>>> print(open('entry.cif').read())   # mmCIF, C-alpha atoms
data_protein
#
loop_
_atom_site.group_PDB
_atom_site.id
_atom_site.type_symbol
_atom_site.label_atom_id
_atom_site.label_comp_id
_atom_site.auth_asym_id
_atom_site.auth_seq_id
_atom_site.Cartn_x
_atom_site.Cartn_y
_atom_site.Cartn_z
ATOM 1 C CA GLY A 290 13.762 6.005 4.866
ATOM 2 C CA ASP A 291 12.208 8.701 7.056
ATOM 3 C CA ARG A 292 15.639 10.334 7.458
ATOM 4 C CA LEU A 293 16.162 11.245 3.808
ATOM 5 C CA GLY A 294 16.902 14.943 3.405
ATOM 6 C CA ALA A 295 15.669 17.227 0.617
ATOM 7 C CA ARG A 296 19.166 17.521 -0.894
ATOM 8 C CA THR A 297 19.518 13.720 -0.971
ATOM 9 C CA LEU A 298 16.114 13.305 -2.612
ATOM 10 C CA ASP A 299 16.996 15.865 -5.301
ATOM 11 C CA ALA A 300 20.309 14.129 -6.025
ATOM 12 C CA LEU A 301 18.653 10.718 -6.107
ATOM 13 C CA ALA A 302 15.925 12.008 -8.437
ATOM 14 C CA ALA A 303 18.545 13.355 -10.840
ATOM 15 C CA GLY A 304 20.428 10.056 -10.818
ATOM 16 C CA MET A 305 17.302 7.948 -11.282
ATOM 17 C CA ARG A 306 16.299 9.686 -14.516
ATOM 18 C CA ASP A 307 18.859 7.639 -16.462
ATOM 19 C CA ALA A 308 18.871 4.477 -14.343
ATOM 20 C CA ASP A 309 16.542 1.525 -14.843
ATOM 21 C CA SER A 310 16.428 0.757 -11.121
ATOM 22 C CA LEU A 311 17.846 1.744 -7.754
ATOM 23 C CA ARG A 312 20.284 -1.132 -8.092
ATOM 24 C CA GLN A 313 21.587 0.138 -11.429
ATOM 25 C CA PHE A 314 22.000 3.653 -10.033
ATOM 26 C CA PHE A 315 23.984 2.448 -7.035
ATOM 27 C CA ASP A 316 26.135 0.323 -9.361
ATOM 28 C CA ALA A 317 27.374 3.518 -11.036
ATOM 29 C CA PRO A 318 30.355 5.554 -9.736
ATOM 30 C CA GLU A 319 28.131 8.670 -9.797
ATOM 31 C CA SER A 320 26.234 7.252 -6.809
ATOM 32 C CA ARG A 321 29.128 8.015 -4.435
ATOM 33 C CA ASP A 322 27.841 11.523 -3.725
ATOM 34 C CA VAL A 323 24.405 10.149 -2.823
ATOM 35 C CA VAL A 324 26.004 7.525 -0.578
ATOM 36 C CA ASP A 325 27.790 10.347 1.283
ATOM 37 C CA MET A 326 24.450 12.123 1.655
ATOM 38 C CA LEU A 327 22.819 8.944 2.977
ATOM 39 C CA ILE A 328 25.505 8.815 5.657
ATOM 40 C CA ALA A 329 25.007 12.500 6.480
ATOM 41 C CA ASP A 330 21.230 11.961 6.747
ATOM 42 C CA GLY A 331 21.687 8.990 9.053
ATOM 43 C CA VAL A 332 20.098 6.533 6.619
ATOM 44 C CA ILE A 333 23.403 4.663 6.841
ATOM 45 C CA LEU A 334 24.895 4.861 10.321
ATOM 46 C CA GLU A 335 28.607 5.410 10.796
ATOM 47 C CA THR A 336 28.723 2.172 12.789
ATOM 48 C CA ASP A 337 27.445 0.294 9.703
ATOM 49 C CA ARG A 338 29.683 2.048 7.207
ATOM 50 C CA ASN A 339 32.280 -0.692 6.886
ATOM 51 C CA ALA A 340 29.590 -3.371 6.587
ATOM 52 C CA LEU A 341 27.665 -1.598 3.806
ATOM 53 C CA ILE A 342 30.178 0.498 1.854
ATOM 54 C CA ASN A 343 33.226 -0.566 -0.154
ATOM 55 C CA ALA A 344 36.593 1.138 0.095
ATOM 56 C CA ASP A 345 35.792 3.040 -3.137
ATOM 57 C CA GLY A 346 32.831 4.751 -1.452
ATOM 58 C CA MET A 347 30.149 2.756 -3.283
ATOM 59 C CA LEU A 348 27.573 0.513 -1.677
ATOM 60 C CA ASN A 349 28.416 -3.179 -1.495
ATOM 61 C CA PRO A 350 25.660 -5.779 -2.178
ATOM 62 C CA ASP A 351 24.408 -5.642 1.424
ATOM 63 C CA GLY A 352 24.391 -1.849 1.313
ATOM 64 C CA LYS A 353 22.371 -1.815 -1.908
ATOM 65 C CA ARG A 354 19.847 -4.200 -0.394
ATOM 66 C CA VAL A 355 19.482 -2.124 2.782
ATOM 67 C CA VAL A 356 19.025 1.146 0.896
ATOM 68 C CA GLU A 357 16.635 -0.421 -1.615
ATOM 69 C CA GLU A 358 14.472 -1.776 1.193
ATOM 70 C CA ALA A 359 14.544 1.549 3.047
ATOM 71 C CA LEU A 360 13.451 3.497 -0.024
ATOM 72 C CA ARG A 361 10.955 1.033 -1.474
ATOM 73 C CA GLY A 362 9.476 0.363 1.942
ATOM 74 C CA ARG A 363 8.426 4.012 2.098
ATOM 75 C CA VAL A 364 6.239 3.808 -1.017
ATOM 76 C CA ALA A 365 5.054 0.185 -1.184
ATOM 77 C CA GLY A 366 2.659 -1.624 1.108
ATOM 78 C CA SER A 367 4.709 -4.818 0.900
ATOM 79 C CA TYR A 368 7.915 -6.087 -0.653
ATOM 80 C CA GLU A 369 5.972 -9.116 -1.926
ATOM 81 C CA ALA A 370 3.714 -6.881 -4.022
ATOM 82 C CA LEU A 371 6.723 -5.130 -5.564
ATOM 83 C CA ALA A 372 8.511 -8.423 -6.178
ATOM 84 C CA SER A 373 5.564 -9.641 -8.254
ATOM 85 C CA LEU A 374 5.839 -6.741 -10.741
ATOM 86 C CA PRO A 375 7.724 -6.751 -14.055
ATOM 87 C CA THR A 376 11.168 -5.146 -13.933
ATOM 88 C CA PRO A 377 10.234 -2.100 -16.090
ATOM 89 C CA ILE A 378 7.387 -1.234 -13.699
ATOM 90 C CA VAL A 379 9.646 -1.599 -10.651
ATOM 91 C CA GLY A 380 12.045 0.772 -12.427
ATOM 92 C CA LYS A 381 9.294 3.386 -12.704
ATOM 93 C CA VAL A 382 8.405 2.938 -9.039
ATOM 94 C CA ASP A 383 12.079 3.403 -8.130
ATOM 95 C CA ALA A 384 12.242 6.584 -10.201
ATOM 96 C CA ALA A 385 9.099 7.929 -8.512
ATOM 97 C CA ILE A 386 10.424 7.465 -4.961
ATOM 98 C CA PRO A 387 12.336 10.763 -4.571
ATOM 99 C CA TYR A 388 9.433 12.792 -5.947
ATOM 100 C CA LEU A 389 6.864 10.971 -3.845
ATOM 101 C CA LEU A 390 8.872 11.517 -0.675
ATOM 102 C CA THR A 391 9.417 15.177 -1.540
ATOM 103 C CA SER A 392 5.663 15.690 -1.964
ATOM 104 C CA GLU A 393 4.935 13.622 1.126
ATOM 105 C CA GLY A 394 7.237 15.919 3.091
ATOM 106 C CA VAL A 395 5.118 18.912 2.091
ATOM 107 C CA GLY A 396 2.068 17.017 3.339
ATOM 108 C CA GLY A 397 -1.622 17.690 3.037
ATOM 109 C CA LYS A 398 -3.107 16.916 -0.356
ATOM 110 C CA TRP A 399 0.384 16.872 -1.862
ATOM 111 C CA ASP A 400 1.012 13.550 -0.122
ATOM 112 C CA VAL A 401 -0.020 10.976 -2.756
ATOM 113 C CA THR A 402 2.177 8.147 -1.460
ATOM 114 C CA GLN A 403 -0.874 6.115 -0.418
ATOM 115 C CA VAL A 404 -2.237 6.359 -3.958
ATOM 116 C CA PHE A 405 0.971 4.742 -5.229
ATOM 117 C CA ARG A 406 0.813 2.053 -2.527
ATOM 118 C CA ASP A 407 -2.701 1.198 -3.664
ATOM 119 C CA ALA A 408 -1.633 1.226 -7.329
ATOM 120 C CA ILE A 409 1.206 -1.196 -6.536
ATOM 121 C CA ASP A 410 -1.238 -3.500 -4.724
ATOM 122 C CA LEU A 411 -3.571 -3.254 -7.709
ATOM 123 C CA LEU A 412 -0.746 -4.126 -10.097
ATOM 124 C CA SER A 413 0.183 -7.084 -7.898
ATOM 125 C CA GLU A 414 -3.405 -8.381 -8.110
ATOM 126 C CA PHE A 415 -3.337 -7.849 -11.876
ATOM 127 C CA GLN A 416 -0.151 -9.893 -12.210
ATOM 128 C CA ALA A 417 -1.629 -12.651 -10.038
ATOM 129 C CA LYS A 418 -4.602 -12.821 -12.429
ATOM 130 C CA GLY A 419 -2.351 -13.271 -15.450
ATOM 131 C CA GLY A 420 -1.724 -9.600 -16.330
ATOM 132 C CA LYS A 421 -3.407 -9.567 -19.761
ATOM 133 C CA ASP A 422 -6.455 -7.309 -20.216
ATOM 134 C CA ALA A 423 -6.425 -4.443 -17.710
ATOM 135 C CA ASP A 424 -9.982 -3.268 -18.439
ATOM 136 C CA VAL A 425 -11.429 -6.747 -17.964
ATOM 137 C CA PHE A 426 -9.436 -7.166 -14.752
ATOM 138 C CA LEU A 427 -10.546 -3.825 -13.288
ATOM 139 C CA ASN A 428 -14.227 -4.519 -13.905
ATOM 140 C CA GLN A 429 -14.354 -8.239 -13.167
ATOM 141 C CA MET A 430 -16.198 -9.185 -9.991
ATOM 142 C CA ASP A 431 -14.020 -10.902 -7.410
ATOM 143 C CA MET A 432 -16.266 -13.437 -5.675
ATOM 144 C CA VAL A 433 -13.957 -13.659 -2.654
ATOM 145 C CA LYS A 434 -13.730 -9.916 -2.076
ATOM 146 C CA GLY A 435 -17.313 -9.240 -3.143
ATOM 147 C CA ALA A 436 -16.413 -6.405 -5.537
ATOM 148 C CA SER A 437 -14.390 -5.659 -8.656
ATOM 149 C CA PRO A 438 -10.988 -3.953 -8.383
ATOM 150 C CA SER A 439 -12.492 -0.764 -9.830
ATOM 151 C CA GLN A 440 -14.947 -0.755 -6.916
ATOM 152 C CA ARG A 441 -12.311 -1.487 -4.293
ATOM 153 C CA TYR A 442 -9.623 0.954 -5.420
ATOM 154 C CA SER A 443 -9.792 4.711 -5.897
ATOM 155 C CA ARG A 444 -9.899 6.251 -9.337
ATOM 156 C CA ALA A 445 -6.566 7.861 -8.450
ATOM 157 C CA ALA A 446 -4.998 4.437 -7.808
ATOM 158 C CA GLN A 447 -6.416 3.126 -11.092
ATOM 159 C CA VAL A 448 -4.910 6.076 -12.988
ATOM 160 C CA VAL A 449 -1.470 5.416 -11.462
ATOM 161 C CA PHE A 450 -1.951 1.691 -12.173
ATOM 162 C CA ASN A 451 -2.307 2.552 -15.871
ATOM 163 C CA LEU A 452 0.546 5.085 -15.777
ATOM 164 C CA LEU A 453 2.934 2.522 -14.334
ATOM 165 C CA ARG A 454 1.841 -0.007 -16.951
ATOM 166 C CA ASP A 455 1.644 2.125 -20.079
ATOM 167 C CA ALA A 456 3.568 5.397 -19.762
ATOM 168 C CA LYS A 457 7.127 5.633 -21.040
ATOM 169 C CA LYS A 458 9.552 6.033 -18.178
ATOM 170 C CA ALA A 459 10.778 9.457 -19.322
ATOM 171 C CA GLU A 460 7.218 10.784 -19.550
ATOM 172 C CA PHE A 461 6.326 9.305 -16.176
ATOM 173 C CA VAL A 462 9.422 10.723 -14.458
ATOM 174 C CA THR A 463 8.809 14.174 -15.974
ATOM 175 C CA ALA A 464 5.220 14.162 -14.693
ATOM 176 C CA MET A 465 6.364 13.187 -11.200
ATOM 177 C CA GLN A 466 9.089 15.854 -11.294
ATOM 178 C CA LYS A 467 6.594 18.567 -12.226
ATOM 179 C CA PHE A 468 4.171 17.499 -9.497
ATOM 180 C CA ALA A 469 6.905 17.496 -6.837
ATOM 181 C CA GLY A 470 8.191 20.829 -8.154
ATOM 182 C CA GLN A 471 4.795 22.385 -7.609
ATOM 183 C CA ALA A 472 4.680 20.889 -4.117
ATOM 184 C CA LYS A 473 7.990 22.581 -3.263
ATOM 185 C CA ILE A 474 6.737 26.066 -4.162
ATOM 186 C CA SER A 475 3.241 25.659 -2.752
ATOM 187 C CA ALA A 476 1.832 27.582 0.194
ATOM 188 C CA ASP A 477 1.902 24.284 2.104
ATOM 189 C CA ALA A 478 5.693 24.327 1.725
ATOM 190 C CA SER A 479 5.829 27.946 2.974
ATOM 191 C CA GLY A 480 5.790 29.308 -0.563
ATOM 192 C CA LEU A 481 3.964 32.472 -1.553
ATOM 193 C CA PRO A 482 0.157 32.137 -1.709
ATOM 194 C CA GLY A 483 -1.087 32.120 -5.280
ATOM 195 C CA VAL A 484 2.256 31.074 -6.729
ATOM 196 C CA GLY A 485 2.070 27.826 -8.644
ATOM 197 C CA LYS A 486 -0.786 25.357 -8.607
ATOM 198 C CA THR A 487 -2.874 23.763 -5.900
ATOM 199 C CA ALA A 488 -2.296 20.073 -5.186
ATOM 200 C CA ASP A 489 -5.481 19.152 -7.016
ATOM 201 C CA GLU A 490 -4.612 21.281 -10.064
ATOM 202 C CA ALA A 491 -1.109 19.803 -10.212
ATOM 203 C CA ALA A 492 -2.347 16.226 -9.799
ATOM 204 C CA ARG A 493 -4.960 16.712 -12.516
ATOM 205 C CA GLN A 494 -2.542 18.323 -14.982
ATOM 206 C CA PHE A 495 0.539 16.164 -14.480
ATOM 207 C CA LEU A 496 -0.748 12.832 -13.137
ATOM 208 C CA GLY A 497 -4.283 12.700 -14.492
ATOM 209 C CA PHE A 498 -6.276 12.318 -11.288
ATOM 210 C CA SER A 499 -7.872 14.454 -8.608
ATOM 211 C CA VAL A 500 -6.430 14.225 -5.117
ATOM 212 C CA ASP A 501 -10.023 14.257 -3.896
ATOM 213 C CA ASP A 502 -10.382 10.775 -5.434
ATOM 214 C CA ALA A 503 -7.615 9.378 -3.272
ATOM 215 C CA ASP A 504 -9.682 8.201 -0.293
ATOM 216 C CA MET A 505 -12.057 6.088 -2.378
ATOM 217 C CA LYS A 506 -10.284 2.802 -1.703
ATOM 218 C CA MET A 507 -10.783 3.360 2.006
ATOM 219 C CA ARG A 508 -14.469 4.171 1.494
ATOM 220 C CA ALA A 509 -14.936 1.169 -0.792
ATOM 221 C CA THR A 510 -13.158 -1.126 1.659
ATOM 222 C CA LEU A 511 -15.320 0.063 4.516
ATOM 223 C CA GLY A 512 -18.431 -0.324 2.399
ATOM 224 C CA GLU A 513 -17.358 -3.859 1.554
ATOM 225 C CA LEU A 514 -16.948 -4.610 5.255
ATOM 226 C CA ILE A 515 -20.383 -3.220 6.018
ATOM 227 C CA LEU A 516 -21.971 -5.452 3.378
ATOM 228 C CA ARG A 517 -19.969 -8.556 4.259
ATOM 229 C CA LYS A 518 -21.906 -11.057 6.354
ATOM 230 C CA THR A 519 -20.339 -13.923 8.216
ATOM 231 C CA ASP A 520 -22.116 -17.218 7.626
ATOM 232 C CA PRO A 521 -24.228 -18.169 10.637
ATOM 233 C CA VAL A 522 -22.755 -20.856 12.850
ATOM 234 C CA GLU A 523 -24.783 -24.038 13.130
ATOM 235 C CA SER A 524 -25.470 -25.769 16.437
ATOM 236 C CA PRO A 525 -23.155 -28.657 17.378
ATOM 237 C CA ARG A 526 -23.830 -31.739 15.309
ATOM 238 C CA GLU A 527 -23.647 -35.335 16.436
ATOM 239 C CA ASN A 528 -20.348 -36.008 14.638
ATOM 240 C CA ILE A 529 -18.897 -32.510 14.642
ATOM 241 C CA ASP A 530 -15.535 -31.781 12.994
ATOM 242 C CA LEU A 531 -13.598 -29.917 15.671
ATOM 243 C CA SER A 532 -10.838 -28.783 13.284
ATOM 244 C CA SER A 533 -13.436 -27.261 10.968
ATOM 245 C CA GLU A 534 -15.074 -25.337 13.805
ATOM 246 C CA LYS A 535 -11.707 -24.050 15.010
ATOM 247 C CA ASP A 536 -10.904 -22.913 11.469
ATOM 248 C CA SER A 537 -14.196 -21.021 11.388
ATOM 249 C CA ALA A 538 -13.363 -19.281 14.639
ATOM 250 C CA ALA A 539 -9.933 -18.308 13.311
ATOM 251 C CA ILE A 540 -11.423 -16.945 10.092
ATOM 252 C CA MET A 541 -13.940 -14.895 12.059
ATOM 253 C CA GLU A 542 -11.169 -13.522 14.272
ATOM 254 C CA ILE A 543 -9.426 -12.374 11.076
ATOM 255 C CA GLU A 544 -12.668 -10.764 9.902
ATOM 256 C CA ALA A 545 -12.904 -8.823 13.148
ATOM 257 C CA GLY A 546 -9.291 -7.720 12.746
ATOM 258 C CA GLU A 547 -10.070 -6.399 9.262
ATOM 259 C CA TYR A 548 -12.864 -4.281 10.710
ATOM 260 C CA ASP A 549 -10.504 -2.875 13.340
ATOM 261 C CA ARG A 550 -7.856 -1.997 10.747
ATOM 262 C CA ALA A 551 -10.444 -0.409 8.477
ATOM 263 C CA LEU A 552 -11.676 1.754 11.340
ATOM 264 C CA GLU A 553 -8.115 2.827 12.145
ATOM 265 C CA ASN A 554 -7.449 3.703 8.505
ATOM 266 C CA ALA A 555 -10.691 5.658 8.302
ATOM 267 C CA ALA A 556 -9.847 7.721 11.357
ATOM 268 C CA ARG A 557 -6.322 8.346 10.057
ATOM 269 C CA LEU A 558 -7.123 9.140 6.428
ATOM 270 C CA ASP A 559 -10.488 10.838 6.491
ATOM 271 C CA ASN A 560 -12.276 11.826 9.695
ATOM 272 C CA LYS A 561 -15.406 12.837 7.800
ATOM 273 C CA ALA A 562 -15.689 9.465 6.073
ATOM 274 C CA TYR A 563 -15.045 7.781 9.396
ATOM 275 C CA ALA A 564 -17.879 9.716 11.039
ATOM 276 C CA GLU A 565 -20.265 8.887 8.200
ATOM 277 C CA ILE A 566 -19.938 5.127 8.442
ATOM 278 C CA SER A 567 -18.441 4.249 11.816
ATOM 279 C CA ASP A 568 -21.868 3.649 13.392
ATOM 280 C CA ASN A 569 -22.663 1.005 10.770
ATOM 281 C CA LEU A 570 -19.276 -0.594 11.253
ATOM 282 C CA GLU A 571 -19.691 -0.688 15.021
ATOM 283 C CA ALA A 572 -22.974 -2.537 14.567
ATOM 284 C CA GLU A 573 -21.304 -5.017 12.236
ATOM 285 C CA LEU A 574 -18.428 -5.433 14.673
ATOM 286 C CA ALA A 575 -20.870 -6.281 17.422
ATOM 287 C CA ASP A 576 -22.468 -8.860 15.133
ATOM 288 C CA VAL A 577 -19.080 -10.409 14.317
ATOM 289 C CA ASP A 578 -18.148 -10.497 18.005
ATOM 290 C CA LEU A 579 -21.432 -12.265 18.762
ATOM 291 C CA GLN A 580 -20.814 -14.836 16.055
ATOM 292 C CA ILE A 581 -17.256 -15.426 17.280
ATOM 293 C CA SER A 582 -18.685 -16.015 20.738
ATOM 294 C CA ARG A 583 -21.131 -18.524 19.313
ATOM 295 C CA VAL A 584 -18.412 -20.410 17.459
ATOM 296 C CA LYS A 585 -16.296 -20.584 20.601
ATOM 297 C CA GLN A 586 -19.263 -21.760 22.651
ATOM 298 C CA ASP A 587 -20.175 -24.382 20.044
ATOM 299 C CA THR A 588 -16.561 -25.554 19.931
ATOM 300 C CA GLU A 589 -16.429 -25.914 23.719
ATOM 301 C CA ILE A 590 -19.632 -27.946 23.687
ATOM 302 C CA ALA A 591 -18.317 -30.094 20.846
ATOM 303 C CA GLU A 592 -15.077 -30.730 22.715
ATOM 304 C CA ARG A 593 -17.004 -31.826 25.793
ATOM 305 C CA LEU A 594 -19.153 -34.150 23.690
ATOM 306 C CA ALA A 595 -16.021 -35.597 22.097
ATOM 307 C CA ALA A 596 -14.460 -36.088 25.515
ATOM 308 C CA CYS A 597 -17.582 -37.919 26.705
ATOM 309 C CA GLU A 598 -17.464 -40.209 23.663
ATOM 310 C CA VAL A 599 -13.798 -40.992 24.386
ATOM 311 C CA GLY A 600 -14.695 -41.719 28.030
ATOM 312 C CA GLU A 601 -17.429 -44.120 26.977
#
>>> encode(input="entry.cif", output="structure tokens")
Amino acid sequence: GDRLGARTLDALAAGMRDADSLRQFFDAPESRDVVDMLIADGVILETDRNALINADGMLNPDGKRVVEEALRGRVAGSYEALASLPTPIVGKVDAAIPYLLTSEGVGGKWDVTQVFRDAIDLLSEFQAKGGKDADVFLNQMDMVKGASPSQRYSRAAQVVFNLLRDAKKAEFVTAMQKFAGQAKISADASGLPGVGKTADEAARQFLGFSVDDADMKMRATLGELILRKTDPVESPRENIDLSSEKDSAAIMEIEAGEYDRALENAARLDNKAYAEISDNLEAELADVDLQISRVKQDTEIAERLAACEVGE
């Protein structure tokens, strides 16, 4: 997916305007030109040509699957999240891919791919909850996560969540096309300064959100981690359940891993936000590490006690 060239993305965008999905586009004879471009870009290697492309120059079922995964994997956090979405929404995501990757190639604030990843995750959660009332879902407290979706996801992601749900495909595709078009002529893409719109102006006008809202999920996630407290571990009991204690240790290891990933995301996405809250996170990490140590120590003691009881 990283190898897609600008010419290929433009051709794919044009083809996706009338197709309901990537699969439908690659089912059409018109896709042959794009297939040739995929080969030229190195998305499909010459060594794989016979395995993925029919004699007529169109992708065979394996080829369609490979290309779908390559393209969708660039804009979705997981295939499972995408698979949970209704077909019309997946069609809109497919149509957005060329424009998202074009804007991502320009970089800086034009790169809104992460916003779409978050929106897809948000839609997946919505579907898992029954997918009925979006407003209730967004503002309903999740007792497991300790916050409502509107608190955990950026406003930008929530706007795209609603666009993917409610906007007509033609309107959505046109908005994405205009945003990517502005990215292409921007100063960030070596265009003339002052020509066209800034990334924030384009995002506000065509997509309905500010690019400055895009890091809010990261901030909210980090804030959630700061507030989250691991239940204190009790001292070994007379008839201790070893499996339960081991489960607790495993859960706490996962908690520590979430802190590590959050710190990595903070450093990658927003150095300023990282600097603001990393001290608090480090303190919480130390606390989690201490509690993990306690669980392990308690488990060792419990295992020794159990061994003594077996010996008796």
>>> atom_distance(input="entry.cif", atom1="CA of Ala445 in chain A", atom2="CA of Gly362 in chain A")
20.5 Å
>>> closest_residue(input="entry.cif", among="A:Val401, A:Val500, A:Ala436, A:Leu427", to="Asn451 in chain A", atoms="only C-alpha atoms")
A:Leu427
>>> resolve_selection(input="entry.cif", expression="the PyMOL selection byres ((chain A and resi 331) around 10)", output="ChimeraX atom specification")
/A:290-294,325-330,332-335
>>> atom_distance(input="entry.cif", atom1="CA of Met465 in chain A", atom2="CA of Lys418 in chain A")
28.3 Å
>>> residues_around(input="entry.cif", residues="Ala300 in chain A", least_positions_apart="5", cutoff="10 Å", atoms="all atoms listed in the file", output="list in words")
Ala295, Met305, Ser320, Asp322, Val323, Met326 and Pro387 of chain A
>>> closest_residue(input="entry.cif", among="A:Leu301, A:Ala365, A:Val324, A:Leu371", to="Asn349 in chain A", atoms="only C-alpha atoms")
A:Val324
>>> closest_residue(input="entry.cif", among="A:Ser479, A:Thr402, A:Ser499, A:Asn339", to="Val382 in chain A", atoms="all atoms listed in the file")
A:Thr402
>>> residues_around(input="entry.cif", residues="Ala446 in chain A", least_positions_apart="5", cutoff="7 Å", atoms="only C-alpha atoms", output="count of residues only")
4
>>> closest_residue(input="entry.cif", among="A:Val379, A:Ala385, A:Ala370, A:Leu452", to="Ala417 in chain A", atoms="only C-alpha atoms")
A:Ala370
>>> atom_distance(input="entry.cif", atom1="CA of Ile378 in chain A", atom2="CA of Asp424 in chain A")
18.1 Å
>>> resolve_selection(input="entry.cif", expression="the PyMOL selection byres ((chain A and resi 392) around 10)", output="list in words")
Ile386, Pro387, Tyr388, Leu389, Leu390, Thr391, Glu393, Gly394, Val395, Gly396, Gly397, Lys398, Trp399, Asp400, Val401, Thr402, Met465, Gln466, Phe468, Ala469, Gly470, Gln471, Ala472, Lys473, Ala478 and Ala488 of chain A
>>> closest_residue(input="entry.cif", among="A:Gln313, A:Phe495, A:Asp501, A:Ala303", to="Glu460 in chain A", atoms="all atoms listed in the file")
A:Phe495
>>> closest_residue(input="entry.cif", among="A:Gln403, A:Ser475, A:Thr376, A:Ser439", to="Ala423 in chain A", atoms="only C-alpha atoms")
A:Ser439
>>> residues_near_point(input="entry.cif", point="(32.8, 4.5, -5.4)", cutoff="12 Å", atoms="all atoms listed in the file", output="list in words")
Phe314, Phe315, Asp316, Ala317, Pro318, Glu319, Ser320, Arg321, Asp322, Val323, Val324, Asp325, Ile342, Asn343, Ala344, Asp345, Gly346, Met347, Leu348 and Asn349 of chain A
>>> decode(input="entry.cif", residues="range 307-312 of chain A", atoms="all heavy atoms", output="compact mmCIF listing (two decimals), in the first residue's frame")
# COMPACT_ATOMS: atom_id res chain seq x y z
N ASP A 307 -17.95 5.68 -9.14
CA ASP A 307 -19.16 4.97 -9.58
C ASP A 307 -19.25 3.54 -9.06
O ASP A 307 -20.21 2.82 -9.37
CB ASP A 307 -19.20 4.93 -11.12
CG ASP A 307 -19.28 6.32 -11.73
OD1 ASP A 307 -19.97 7.18 -11.14
OD2 ASP A 307 -18.62 6.56 -12.75
N ALA A 308 -18.27 3.12 -8.29
CA ALA A 308 -18.28 1.74 -7.76
C ALA A 308 -18.73 1.74 -6.31
O ALA A 308 -18.47 2.68 -5.56
CB ALA A 308 -16.88 1.14 -7.88
N ASP A 309 -19.41 0.69 -5.92
CA ASP A 309 -19.88 0.57 -4.53
C ASP A 309 -18.80 0.06 -3.59
O ASP A 309 -18.94 0.16 -2.39
CB ASP A 309 -21.10 -0.36 -4.46
CG ASP A 309 -22.33 0.25 -5.11
OD1 ASP A 309 -22.40 1.49 -5.17
OD2 ASP A 309 -23.19 -0.51 -5.58
N SER A 310 -17.74 -0.51 -4.15
CA SER A 310 -16.67 -1.07 -3.33
C SER A 310 -15.44 -1.30 -4.19
O SER A 310 -15.52 -1.27 -5.43
CB SER A 310 -17.11 -2.39 -2.69
OG SER A 310 -17.32 -3.38 -3.70
N LEU A 311 -14.32 -1.54 -3.57
CA LEU A 311 -13.11 -1.90 -4.30
C LEU A 311 -13.35 -3.16 -5.14
O LEU A 311 -12.92 -3.26 -6.29
CB LEU A 311 -11.96 -2.14 -3.33
CG LEU A 311 -11.32 -0.90 -2.70
CD1 LEU A 311 -10.43 -1.29 -1.53
CD2 LEU A 311 -10.52 -0.12 -3.74
N ARG A 312 -14.06 -4.12 -4.54
CA ARG A 312 -14.32 -5.36 -5.24
C ARG A 312 -15.12 -5.12 -6.52
O ARG A 312 -14.82 -5.69 -7.57
CB ARG A 312 -15.08 -6.33 -4.30
CG ARG A 312 -15.37 -7.70 -4.90
CD ARG A 312 -14.08 -8.42 -5.28
NE ARG A 312 -13.19 -8.60 -4.15
CZ ARG A 312 -13.11 -9.69 -3.40
NH1 ARG A 312 -13.90 -10.71 -3.65
NH2 ARG A 312 -12.23 -9.76 -2.42
